[in-house]
Amino acid sequence: MTNDPSSVRVVRWAILGSGSIANDMVQILKQLPDTQVIAIGSRSAEGAKRFGEKWGIPRQYPTYEQAASDPDVDVCYIATPSLRHPQDCLLAIRHGKAVLCEKSMAPDDETAKQVLDAAKAANLLFVHGVWSRFFPAMQKIREIIDSGEIGIVRSARASFCQNDGAGSCSALLETGIYCAQFLQWVLEDPKDCGCGVGPVVKGACHTLHESGKDEHVSAIIEFPNNKMGSFECSLAHCSDRSATIYGSGGTIEVPFPFWCPTKIKVTKMSGLGSQQWSEPQMYEFTLPENIESLPTENGSKEIAGFNFVNSQGLAYEAAEVNRCFREGLIESPKFSSSQCLEIMRLITEIGKYAAK
């Protein structure tokens, strides 16, 4: 590939689903260079028309399949209701499309493997939209760990509890997946994921909503090399939604929102009883430049805004999908299929352990 900007391939996206996260992602995609959103697929003609006119999307399809089968589409962004994610991913793959799927991509690891295997067999890019992995702060955390700045990392914890959504979906799949991916990132060398003995669930408990879905889950996971991770997730109460990494020589604190972080605090500790604390080292990261909430294109020109904290950071994930697609990759090295499947395995096993 040359350095001539005119040689960069335009990546053409279809959005499947027209809910809150699709509202945020479409604003991101419309601001990325050499990127077009050409199609929206919804469950009704009215929904597709409303979303398409709001965001200036020319092709408005009343079904997901029609959007996925559009011959001009390169990538499908799966933002349909979460229980539909596996079937809509497979739909896009059958039509030869690369896929970025919102979390959670599947209800369990077996179903996730079916989707990943289908993408691999078709030689198509698939990325699970656990957007945390693409934030610069997450890369910096790994650099600090690998440098030995806080000594040997022994354990980590994460908490993601919000009083929103109980009964409508699983806390494990909605917020627990962010906790599990964080523990995997900081307690397991990314190069070793999928090789040999992986993390093992050592304990879990949950409370269930009257709907039968878990609303509050706590878990303990043993990682290779005698490392321990713990997390709590909930859709029925609040927590500070932070995470901490503990080493033999200090800690790394990641405040709210730890799953889309822009701040890190490193404190070194030494001496008798580890009571000598250094002046904390603070790292701050700006969100992507030139990404902002856009005015709608349906005549009102209102500023719709973003629905979720730090949604500007979706640009990291989307840009990585564009890069991987242009380079002919079938997975992102920043969040590989083996890492994705391991997280889904942990989530599945935590659910089974808690149900004993």
# chains A, B, ... in the order shown; residues from 1 in each chain; ligands from 1
call {"tool": "select_by_dssp", "arguments": {"residues": "region 172-245 of chain A", "states": "alpha helix (DSSP H)", "output": "ChimeraX atom specification"}}
result
/A:177-187
call {"tool": "select_by_dssp", "arguments": {"residues": "region 177-256 of chain A", "states": "strand (DSSP E)", "output": "PyMOL selection string"}}
result
chain A and resi 200-208+214-223+227-234+243-247+250-254
call {"tool": "closest_atom_pairs", "arguments": {"of": "region 225-266 of chain A", "to": "region 116-139 of chain A", "cutoff": "6 Å", "atoms": "only C-alpha atoms", "output": "CSV"}}
result
residue,atom,partner,partner_atom,distance
A:Trp259,CA,A:Ser132,CA,5.3
A:Cys260,CA,A:Ser132,CA,5.3
A:Thr262,CA,A:Ala137,CA,5.9
call {"tool": "residues_around", "arguments": {"residues": "region 225-241 of chain A", "least_positions_apart": "2", "cutoff": "8 Å", "atoms": "only C-alpha atoms", "output": "tab-separated table (two decimals) with N, CA and C atoms, in the first residue's frame"}}
result
chain	number	residue	atom	x	y	z
A	153	VAL	N	2.97	-8.82	39.39
A	153	VAL	CA	1.52	-8.71	39.59
A	153	VAL	C	0.98	-10.03	40.13
A	154	ARG	N	0.25	-9.93	41.23
A	154	ARG	CA	-0.28	-11.12	41.90
A	154	ARG	C	-1.80	-11.25	41.78
A	155	SER	N	-2.50	-10.10	41.74
A	155	SER	CA	-3.96	-10.18	41.72
A	155	SER	C	-4.55	-8.90	41.13
A	156	ALA	N	-5.84	-8.95	40.88
A	156	ALA	CA	-6.57	-7.79	40.38
A	156	ALA	C	-8.04	-7.96	40.70
A	157	ARG	N	-8.73	-6.84	40.74
A	157	ARG	CA	-10.17	-6.84	40.99
A	157	ARG	C	-10.85	-5.84	40.06
A	158	ALA	N	-12.14	-6.07	39.80
A	158	ALA	CA	-12.93	-5.14	39.01
A	158	ALA	C	-14.36	-5.17	39.51
A	159	SER	N	-15.01	-4.02	39.46
A	159	SER	CA	-16.40	-3.92	39.89
A	159	SER	C	-17.19	-3.10	38.87
A	160	PHE	N	-18.27	-3.69	38.36
A	160	PHE	CA	-19.13	-2.99	37.41
A	160	PHE	C	-20.58	-3.26	37.80
A	161	CYS	N	-21.09	-2.41	38.67
A	161	CYS	CA	-22.47	-2.54	39.14
A	161	CYS	C	-23.24	-1.27	38.82
A	162	GLN	N	-24.40	-1.43	38.20
A	162	GLN	CA	-25.26	-0.30	37.88
A	162	GLN	C	-26.70	-0.68	38.18
A	163	ASN	N	-27.48	0.28	38.61
A	163	ASN	CA	-28.89	0.02	38.91
A	163	ASN	C	-29.72	0.30	37.66
A	164	ASP	N	-29.55	-0.56	36.67
A	164	ASP	CA	-30.23	-0.36	35.39
A	164	ASP	C	-30.20	-1.66	34.61
A	165	GLY	N	-31.35	-2.19	34.27
A	165	GLY	CA	-31.41	-3.35	33.39
A	165	GLY	C	-31.71	-4.67	34.05
A	166	ALA	N	-31.85	-4.70	35.39
A	166	ALA	CA	-32.10	-5.97	36.08
A	166	ALA	C	-33.37	-6.63	35.54
A	171	ALA	N	-26.60	-9.90	34.03
A	171	ALA	CA	-25.52	-9.03	34.49
A	171	ALA	C	-24.17	-9.55	34.03
A	172	LEU	N	-24.00	-10.87	34.02
A	172	LEU	CA	-22.73	-11.45	33.58
A	172	LEU	C	-22.42	-11.05	32.14
A	175	THR	N	-22.41	-6.59	32.01
A	175	THR	CA	-21.30	-5.85	32.63
A	175	THR	C	-20.18	-6.77	33.11
A	176	GLY	N	-20.51	-8.02	33.41
A	176	GLY	CA	-19.48	-8.95	33.86
A	176	GLY	C	-18.43	-9.24	32.81
A	179	CYS	N	-15.56	-6.98	33.18
A	179	CYS	CA	-14.70	-7.36	34.31
A	179	CYS	C	-13.80	-8.52	33.93
A	180	ALA	N	-14.37	-9.53	33.29
A	180	ALA	CA	-13.59	-10.71	32.90
A	180	ALA	C	-12.49	-10.34	31.91
A	183	LEU	N	-9.59	-8.60	33.77
A	183	LEU	CA	-8.74	-9.54	34.52
A	183	LEU	C	-7.86	-10.33	33.57
A	187	LEU	N	-3.80	-10.08	34.02
A	187	LEU	CA	-3.28	-11.23	34.75
A	187	LEU	C	-2.73	-12.34	33.86
A	215	GLU	N	-28.89	-11.09	38.28
A	215	GLU	CA	-28.84	-9.63	38.41
A	215	GLU	C	-27.64	-9.16	39.21
A	216	HIS	N	-26.97	-10.07	39.91
A	216	HIS	CA	-25.81	-9.74	40.74
A	216	HIS	C	-24.93	-10.97	40.83
A	217	VAL	N	-23.66	-10.82	40.43
A	217	VAL	CA	-22.74	-11.96	40.38
A	217	VAL	C	-21.39	-11.56	40.95
A	218	SER	N	-20.80	-12.43	41.75
A	218	SER	CA	-19.41	-12.29	42.20
A	218	SER	C	-18.65	-13.54	41.81
A	219	ALA	N	-17.37	-13.36	41.46
A	219	ALA	CA	-16.59	-14.50	41.00
A	219	ALA	C	-15.13	-14.37	41.38
A	220	ILE	N	-14.48	-15.54	41.55
A	220	ILE	CA	-13.04	-15.63	41.79
A	220	ILE	C	-12.44	-16.52	40.71
A	221	ILE	N	-11.37	-16.04	40.09
A	221	ILE	CA	-10.73	-16.77	38.99
A	221	ILE	C	-9.25	-16.92	39.29
A	222	GLU	N	-8.74	-18.15	39.15
A	222	GLU	CA	-7.30	-18.40	39.29
A	222	GLU	C	-6.66	-18.39	37.91
A	223	PHE	N	-5.65	-17.54	37.75
A	223	PHE	CA	-4.92	-17.44	36.49
A	223	PHE	C	-3.59	-18.17	36.62
A	243	ALA	N	-11.35	-0.47	38.84
A	243	ALA	CA	-10.55	-1.69	38.84
A	243	ALA	C	-9.17	-1.38	39.41
A	255	PRO	N	-9.86	4.30	37.67
A	255	PRO	CA	-11.14	4.77	38.18
A	255	PRO	C	-12.25	4.66	37.15
A	256	PHE	N	-13.45	5.01	37.55
A	256	PHE	CA	-14.60	5.07	36.64
A	256	PHE	C	-14.26	5.95	35.44
A	257	PRO	N	-14.60	5.48	34.26
A	257	PRO	CA	-15.16	4.18	33.88
A	257	PRO	C	-14.03	3.23	33.45
A	258	PHE	N	-13.75	2.22	34.24
A	258	PHE	CA	-12.56	1.39	33.98
A	258	PHE	C	-12.64	0.65	32.66
call {"tool": "atom_distance", "arguments": {"atom1": "CA of Ile264 (chain A)", "atom2": "CA of Phe335 (chain A)"}}
result
20.9 Å
call {"tool": "residues_around", "arguments": {"residues": "Glu46 (chain A)", "least_positions_apart": "3", "cutoff": "10 Å", "atoms": "only C-alpha atoms", "output": "list of chain:residue names"}}
result
A:Ser42, A:Arg43, A:Lys49, A:Arg50, A:Phe51, A:Gly52, A:Gln60, A:Tyr61, A:Pro62
call {"tool": "write_last_selection", "arguments": {"atoms": "N, CA, C and O atoms", "output": "compact mmCIF listing (two decimals), in the first residue's frame"}}
result
# COMPACT_ATOMS: atom_id res chain seq x y z
N SER A 42 -33.31 -2.67 9.98
CA SER A 42 -34.10 -2.62 11.20
C SER A 42 -35.16 -3.72 11.15
O SER A 42 -35.25 -4.47 10.17
N ARG A 43 -35.97 -3.81 12.21
CA ARG A 43 -37.02 -4.82 12.23
C ARG A 43 -38.29 -4.35 11.55
O ARG A 43 -39.26 -5.11 11.43
N LYS A 49 -36.43 3.71 8.30
CA LYS A 49 -36.61 5.05 7.73
C LYS A 49 -36.28 6.12 8.76
O LYS A 49 -35.59 7.11 8.46
N ARG A 50 -36.75 5.92 9.99
CA ARG A 50 -36.52 6.91 11.05
C ARG A 50 -35.03 7.06 11.33
O ARG A 50 -34.50 8.18 11.38
N PHE A 51 -34.34 5.94 11.50
CA PHE A 51 -32.91 5.98 11.81
C PHE A 51 -32.12 6.48 10.59
O PHE A 51 -31.19 7.29 10.72
N GLY A 52 -32.48 6.00 9.41
CA GLY A 52 -31.76 6.40 8.20
C GLY A 52 -31.88 7.87 7.90
O GLY A 52 -30.89 8.53 7.55
N GLN A 60 -32.15 2.14 3.33
CA GLN A 60 -32.92 1.87 4.55
C GLN A 60 -33.72 0.59 4.35
O GLN A 60 -34.71 0.57 3.60
N TYR A 61 -33.28 -0.46 5.03
CA TYR A 61 -33.87 -1.78 4.81
C TYR A 61 -34.78 -2.18 5.96
O TYR A 61 -34.40 -2.02 7.13
N PRO A 62 -35.94 -2.77 5.66
CA PRO A 62 -36.89 -3.17 6.71
C PRO A 62 -36.54 -4.49 7.38
O PRO A 62 -37.24 -4.91 8.31
